[in-house]
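Have a look at the structure below before the remarks.
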Amino acid sequence: MATISVDHPEPGLLQFDVYEMLGRRKARLANSVAAAGTHRLSFDPSGLASGSYLVMATTPETGLVRPLTIVR
């Protein structure tokens, strides 16, 4: 399991997506209205091949990108 954490400063739409390095979206982990505060999302990366990915957390106002490396 992998866990992603993000601070969401105000209530609103929050999306979590995983992209391969070529920019193709490989998974949408969340797409919902969230309350303000810290949100933690756990997901099972077993459907992804070994390699480097980008996890993007976005709101209508901002975005946050973090690297994710899967090694099997």
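As shown in the structure tokens, the chain order sets the letters A, B, ...; within each chain, residues go from 1, and ligands are also counted from 1 in the order they appear.
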* **Within 12 Å of A:Ser52 using only C-alpha atoms, minus same-chain residues under 6 positions, as a PyMOL selection string** => chain A and resi 18-23+26+45+66-71
Please list as a PDB file with N, CA and C atoms, in the first residue's frame every residue within 9 Å of stretch 59-64 of chain A, counting only C-alpha atoms and excluding residues in the same chain fewer than 4 positions away.
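Everything below was put into out02.pdb:
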```
ATOM      1  N   VAL A   6      -2.079  15.255   1.878  1.00  0.00           N
ATOM      2  CA  VAL A   6      -2.098  16.634   1.377  1.00  0.00           C
ATOM      3  C   VAL A   6      -2.929  17.494   2.325  1.00  0.00           C
ATOM      4  N   HIS A   8      -5.413  20.491   2.682  1.00  0.00           N
ATOM      5  CA  HIS A   8      -6.423  21.158   1.859  1.00  0.00           C
ATOM      6  C   HIS A   8      -6.925  22.358   2.661  1.00  0.00           C
ATOM      7  N   GLY A  12     -13.710  22.114  -0.767  1.00  0.00           N
ATOM      8  CA  GLY A  12     -13.859  22.193  -2.216  1.00  0.00           C
ATOM      9  C   GLY A  12     -13.430  20.909  -2.897  1.00  0.00           C
ATOM     10  N   LEU A  13     -13.441  20.942  -4.219  1.00  0.00           N
ATOM     11  CA  LEU A  13     -13.086  19.781  -5.029  1.00  0.00           C
ATOM     12  C   LEU A  13     -11.621  19.416  -4.823  1.00  0.00           C
ATOM     13  N   LEU A  14     -11.360  18.140  -4.659  1.00  0.00           N
ATOM     14  CA  LEU A  14      -9.999  17.629  -4.495  1.00  0.00           C
ATOM     15  C   LEU A  14      -9.856  16.388  -5.365  1.00  0.00           C
ATOM     16  N   GLN A  15      -8.830  16.376  -6.222  1.00  0.00           N
ATOM     17  CA  GLN A  15      -8.563  15.236  -7.101  1.00  0.00           C
ATOM     18  C   GLN A  15      -7.162  14.710  -6.839  1.00  0.00           C
ATOM     19  N   VAL A  55       2.378  11.753  -8.799  1.00  0.00           N
ATOM     20  CA  VAL A  55       1.077  11.823  -8.144  1.00  0.00           C
ATOM     21  C   VAL A  55       0.708  13.295  -8.063  1.00  0.00           C
TER      22      VAL A  55
END
```
* Can you list, as a list in words, every protein, DNA or RNA residue that comes within 7 Å of A:Leu41 when you count only C-alpha atoms, leaving out same-chain residues fewer than 4 positions away? ->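 Residues meeting the cut-off are Thr3, Ile4 and Ser5 of chain A.
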Expected file contents, prior selection, N, CA and C atoms, as an mmCIF file, in the first residue's frame:
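The new file out-v8.cif reads:
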```cif
data_model
loop_
_atom_site.group_PDB
_atom_site.id
_atom_site.type_symbol
_atom_site.label_atom_id
_atom_site.label_comp_id
_atom_site.auth_asym_id
_atom_site.auth_seq_id
_atom_site.Cartn_x
_atom_site.Cartn_y
_atom_site.Cartn_z
ATOM 1 N N THR A 3 0.624 5.558 0.681
ATOM 2 C CA THR A 3 -0.206 6.583 1.310
ATOM 3 C C THR A 3 0.255 7.959 0.847
ATOM 4 N N ILE A 4 -0.702 8.774 0.460
ATOM 5 C CA ILE A 4 -0.441 10.139 0.022
ATOM 6 C C ILE A 4 -1.165 11.062 0.988
ATOM 7 N N SER A 5 -0.491 12.129 1.392
ATOM 8 C CA SER A 5 -1.080 13.086 2.322
ATOM 9 C C SER A 5 -1.002 14.483 1.720
#
```
* **Coordinates-based distance that separates atom CA of A:Asp7 from atom CA of A:Ser46 (Å, one decimal)** =>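 Answer for the atom CA of A:Ser46 to atom CA of A:Asp7 separation: 25.7 Å.
Reported to one decimal place, the separation of atom CA of A:Thr38 from atom CA of A:Ser50 is 28.4 Å.
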* Please give the complete set of residues from chain A that DSSP, run on the backbone, assigns to strand (DSSP E or B), formatted as a PyMOL selection string. => chain A and resi 2-8+12-20+25-34+37-43+51-58+63-70
* To do: Rank A:Val65, A:Tyr53, A:His39, A:Arg25 by their smallest atom-to-atom distance to A:Pro9, using only C-alpha atoms, and report the top residue only.
  => A:His39
* To do: Go through A:Phe16, A:Asp44, A:Met1, A:Met56 and flag the residue nearest A:Ser32, using only C-alpha atoms for the distances.
  => A:Phe16
* Asked: Just how far from atom CA of A:Asp17 is atom CA of A:Gly51, in Å to one decimal?
  -> 16.0 Å
